Amino acid sequence: MNQDDRYRTTSWDGDEVARQTGESVRSAGEGGAHAASRPAGNGKKRKKRKKKRTNPLLAILLWLAIVGTSSAIFAAVGWMLANDFAALNKPLKEVSFQVTEDFVDRVEKEKQEDGSTKEVTHYDMKKVSASLKEQGLIEYDWFFRLFAWFSHADTKLTTGTFVLSTEMDYMALIRSMRTSGGKTETVTVTIPEGYTVRQIIDLLAEKQVGSVEDLTETAANYVFEDYAFLDNENLGDPTRLEGYLFPDTYDFYVGARTELAFASMLNNFQKKVYTNEDLSDLFENSAYSEREILIMASLIERETDGTDRRNISSVIHNRLEKGGETGRLLQIDASLVYAAGRAITQEDYTTLDSPYNLYLHEGLPPSPIANPGLAAIQAALEPADTNYYFYVLMGDKHVFSETLAQHNRNVAAAAEAAAQAEE
């Protein structure tokens with residue numbers, strides 16, 4: 001081997017030894033690292049870190065809070081939608097509403113059962129509901145559209161002008177926009193002063209506002225929540241509305257919800273009597289409650305000839321407050337007629353056992369016997385200043401007297417006049 005070969009061999013060997021030595025060192029280092037990561041044979045084992053567990057009570061409370069909040073939200077939303085759907089708690093408002101040709105979506109020919117075809121107009125309920133909302137008749141147009149979709153209302157409308165009200169629920173609105181002729185049918189009804197609830201029901205039925213059965217059921221059991229003066233707890237008797245159906249002239253919807261007719265009269269009573277500022281001081285200064293004044297007014301209304309309300313009121317006040325020869329017995333025939341529900345006989349004065357028989361029971365009857373007008377209510381609050389305790393009808397006018405002796409003479413004179421009139 002020459003010197004050059006020896007040099008190259010020696011150089012290669014040195015490089016190889018150095019390379020292998022480096023790899024050994026790295027291996028030892030890696031082995032040491034692995035060794036360091038393993039516990040010594042006689043050392044304690046490292047404890048495993050425990051996973052934290054959620055407090056079950058806290059989880060339950062959180063779940064209940066989420067469910068409760070969600071339920072409250074759904075309940076609130078549901079109540080708002082129900083109020084809009086049923087037309088509850090809305091201020092009274094009437095609108096002249098037009099269903100125009102612009103609301104028409106399409107006209108289709110549909111085959112009938114007899115084989116013929118009929119054109120059916122479909123209305124764009126999105127436009128209709130938007131217009132209803134714009135005029136304040138509904139609050140949630142999307143909810144109205146949903147109801148319209150379920151009830152197929154798009155084919156039930158008619159082009160025309162209609163009188164709509166915030167007291168109409170969704171179905172009533174749709175029904176009122178499909179009336180033949182393009183106008184909602186209304187009827188004008190005058191409620192006379194002194195009519196009873198039953199007389200008003202018969203009159204409304206005669207005018208086709210509703211059936212006697214539906215009107216009676218509504219008067220007896222419908223909860224009119226907006227009227228603080230009304231008893232909404234003791235339901236079951238239509239006479240609970242007695243005294244509060246204000247006599248006036250009304251335009252009622254034919255065949256609409258019967259509670260709308262009663263609500264119109266109750267609204268009128270609330271405005272003209274219950275919240276009347278001119279009467280408020282009189283009510284406050286009266287020795288009688290508002291209901292007692294209303295009872296007096298109903299008695300006056302049923303007894304008056306139209307000109308003597310304040311004199312009749314003075315007789316009632318004098319008998320209640322002083323008694324005189326009457327012993328606080330009001331002895332008013334109209335109340336006895338109300339109790340009997342028919343024309344009374346002479347025997348009824350002593351045998352008809354009812355708190356409305358004011359010949360047997362002292363003081364006022366338990367409730368109004370009719371629906372008085374404003375003049376009778378004012379007369380009950382402001383009786384004439386008299387010493388009258390009696391009155392009798394002579395012809396078509398009442399004659400008043402202060403004593404029983406005077407009254408008996410007037411009764412005899414009235415009887416004689418009546419006999420002469422029959423001859």
# chains A, B, ... in the order shown; residues from 1 in each chain; ligands from 1

call {"tool": "residues_around", "arguments": {"residues": "range 231-240 of chain A", "least_positions_apart": "2", "cutoff": "6 Å", "atoms": "only C-alpha atoms", "output": "ChimeraX atom specification"}}
result
/A:219-221,223,242

call {"tool": "select_by_dssp", "arguments": {"residues": "range 172-319 of chain A", "states": "helix (DSSP H, G or I)", "output": "number ranges by chain"}}
result
A: 172-176, 197-206, 212-221, 238-241, 258-274, 277-285, 290-303, 309-319

call {"tool": "residues_around", "arguments": {"residues": "Asn408 in chain A", "least_positions_apart": "6", "cutoff": "12 Å", "atoms": "only C-alpha atoms", "output": "PDB file with N, CA and C atoms, in the first residue's frame"}}
result
ATOM      1  N   PHE A 390    -146.742  60.069  48.007  1.00  0.00           N
ATOM      2  CA  PHE A 390    -147.672  59.257  47.229  1.00  0.00           C
ATOM      3  C   PHE A 390    -147.868  59.869  45.845  1.00  0.00           C
ATOM      4  N   TYR A 391    -148.249  58.995  44.898  1.00  0.00           N
ATOM      5  CA  TYR A 391    -148.691  59.483  43.593  1.00  0.00           C
ATOM      6  C   TYR A 391    -149.598  58.424  42.966  1.00  0.00           C
ATOM      7  N   VAL A 392    -150.487  58.878  42.115  1.00  0.00           N
ATOM      8  CA  VAL A 392    -151.400  57.986  41.411  1.00  0.00           C
ATOM      9  C   VAL A 392    -151.552  58.513  39.990  1.00  0.00           C
ATOM     10  N   VAL A 399    -150.581  62.301  39.765  1.00  0.00           N
ATOM     11  CA  VAL A 399    -150.976  63.316  40.742  1.00  0.00           C
ATOM     12  C   VAL A 399    -150.294  62.957  42.056  1.00  0.00           C
ATOM     13  N   PHE A 400    -149.597  63.923  42.644  1.00  0.00           N
ATOM     14  CA  PHE A 400    -148.794  63.672  43.841  1.00  0.00           C
ATOM     15  C   PHE A 400    -149.516  64.215  45.084  1.00  0.00           C
ATOM     16  N   SER A 401    -149.212  63.576  46.208  1.00  0.00           N
ATOM     17  CA  SER A 401    -149.802  64.037  47.476  1.00  0.00           C
ATOM     18  C   SER A 401    -148.835  63.796  48.619  1.00  0.00           C
ATOM     19  N   GLU A 402    -149.057  64.536  49.709  1.00  0.00           N
ATOM     20  CA  GLU A 402    -148.151  64.469  50.861  1.00  0.00           C
ATOM     21  C   GLU A 402    -148.636  63.496  51.930  1.00  0.00           C
ATOM     22  N   ALA A 414    -159.220  59.298  40.508  1.00  0.00           N
ATOM     23  CA  ALA A 414    -158.647  58.643  39.319  1.00  0.00           C
ATOM     24  C   ALA A 414    -159.545  57.492  38.852  1.00  0.00           C
ATOM     25  N   ALA A 415    -160.076  56.737  39.807  1.00  0.00           N
ATOM     26  CA  ALA A 415    -160.958  55.628  39.469  1.00  0.00           C
ATOM     27  C   ALA A 415    -162.238  56.135  38.799  1.00  0.00           C
TER      28      ALA A 415
END

call {"tool": "select_by_dssp", "arguments": {"residues": "range 163-312 of chain A", "states": "strand (DSSP E)", "output": "ChimeraX atom specification"}}
result
/A:163-165,186-190,249-253

call {"tool": "closest_atom_pairs", "arguments": {"of": "range 120-227 of chain A", "to": "range 253-260 of chain A", "cutoff": "6 Å", "atoms": "only C-alpha atoms", "output": "JSON lines"}}
result
{"residue": "A:Glu185", "atom": "CA", "partner": "A:Val254", "partner_atom": "CA", "distance": 5.8}
{"residue": "A:Thr186", "atom": "CA", "partner": "A:Tyr253", "partner_atom": "CA", "distance": 4.5}
{"residue": "A:Gln208", "atom": "CA", "partner": "A:Val254", "partner_atom": "CA", "distance": 5.9}
{"residue": "A:Val209", "atom": "CA", "partner": "A:Val254", "partner_atom": "CA", "distance": 4.5}
{"residue": "A:Gly210", "atom": "CA", "partner": "A:Gly255", "partner_atom": "CA", "distance": 5.5}
{"residue": "A:Leu215", "atom": "CA", "partner": "A:Thr258", "partner_atom": "CA", "distance": 5.9}

call {"tool": "closest_residue", "arguments": {"among": "A:Val273, A:Ala65, A:Leu404, A:Ile377", "to": "Leu299 in chain A", "atoms": "only C-alpha atoms"}}
result
A:Ile377

call {"tool": "residues_around", "arguments": {"residues": "range 245-250 of chain A", "least_positions_apart": "6", "cutoff": "6 Å", "atoms": "only C-alpha atoms", "output": "PyMOL selection string"}}
result
chain A and resi 188-193+265-266+269+371+373

call {"tool": "write_last_selection", "arguments": {"atoms": "C-alpha atoms", "output": "mmCIF file, in the first residue's frame"}}
result
data_model
loop_
_atom_site.group_PDB
_atom_site.id
_atom_site.type_symbol
_atom_site.label_atom_id
_atom_site.label_comp_id
_atom_site.auth_asym_id
_atom_site.auth_seq_id
_atom_site.Cartn_x
_atom_site.Cartn_y
_atom_site.Cartn_z
ATOM 1 C CA THR A 188 -130.341 50.537 13.235
ATOM 2 C CA VAL A 189 -131.977 49.704 16.557
ATOM 3 C CA THR A 190 -133.355 52.159 19.105
ATOM 4 C CA ILE A 191 -133.354 50.846 22.686
ATOM 5 C CA PRO A 192 -136.172 52.649 24.540
ATOM 6 C CA GLU A 193 -135.559 54.004 28.024
ATOM 7 C CA MET A 265 -124.394 49.420 24.973
ATOM 8 C CA LEU A 266 -121.980 48.850 27.852
ATOM 9 C CA PHE A 269 -123.070 53.418 29.652
ATOM 10 C CA ASN A 371 -132.224 50.082 31.923
ATOM 11 C CA GLY A 373 -131.677 56.712 30.589
#

call {"tool": "residues_around", "arguments": {"residues": "Asn387 in chain A", "least_positions_apart": "4", "cutoff": "8 Å", "atoms": "only C-alpha atoms", "output": "NGL selection string"}}
result
:A and (314-315 or 318 or 402)

call {"tool": "write_last_selection", "arguments": {"atoms": "N, CA, C and O atoms", "output": "mmCIF file, in the first residue's frame"}}
result
data_model
loop_
_atom_site.group_PDB
_atom_site.id
_atom_site.type_symbol
_atom_site.label_atom_id
_atom_site.label_comp_id
_atom_site.auth_asym_id
_atom_site.auth_seq_id
_atom_site.Cartn_x
_atom_site.Cartn_y
_atom_site.Cartn_z
ATOM 1 N N SER A 314 -138.321 62.181 44.367
ATOM 2 C CA SER A 314 -138.510 62.746 45.714
ATOM 3 C C SER A 314 -139.360 61.830 46.577
ATOM 4 O O SER A 314 -139.120 61.694 47.784
ATOM 5 N N VAL A 315 -140.359 61.163 45.975
ATOM 6 C CA VAL A 315 -141.182 60.211 46.725
ATOM 7 C C VAL A 315 -140.322 59.054 47.226
ATOM 8 O O VAL A 315 -140.410 58.639 48.395
ATOM 9 N N ASN A 318 -137.970 60.354 49.983
ATOM 10 C CA ASN A 318 -138.714 60.652 51.210
ATOM 11 C C ASN A 318 -139.116 59.377 51.942
ATOM 12 O O ASN A 318 -139.014 59.291 53.173
ATOM 13 N N GLU A 402 -149.057 64.536 49.709
ATOM 14 C CA GLU A 402 -148.151 64.469 50.861
ATOM 15 C C GLU A 402 -148.636 63.496 51.930
ATOM 16 O O GLU A 402 -147.831 62.954 52.676
#

call {"tool": "atom_distance", "arguments": {"atom1": "CA of Tyr227 in chain A", "atom2": "CA of Asn276 in chain A"}}
result
14.3 Å
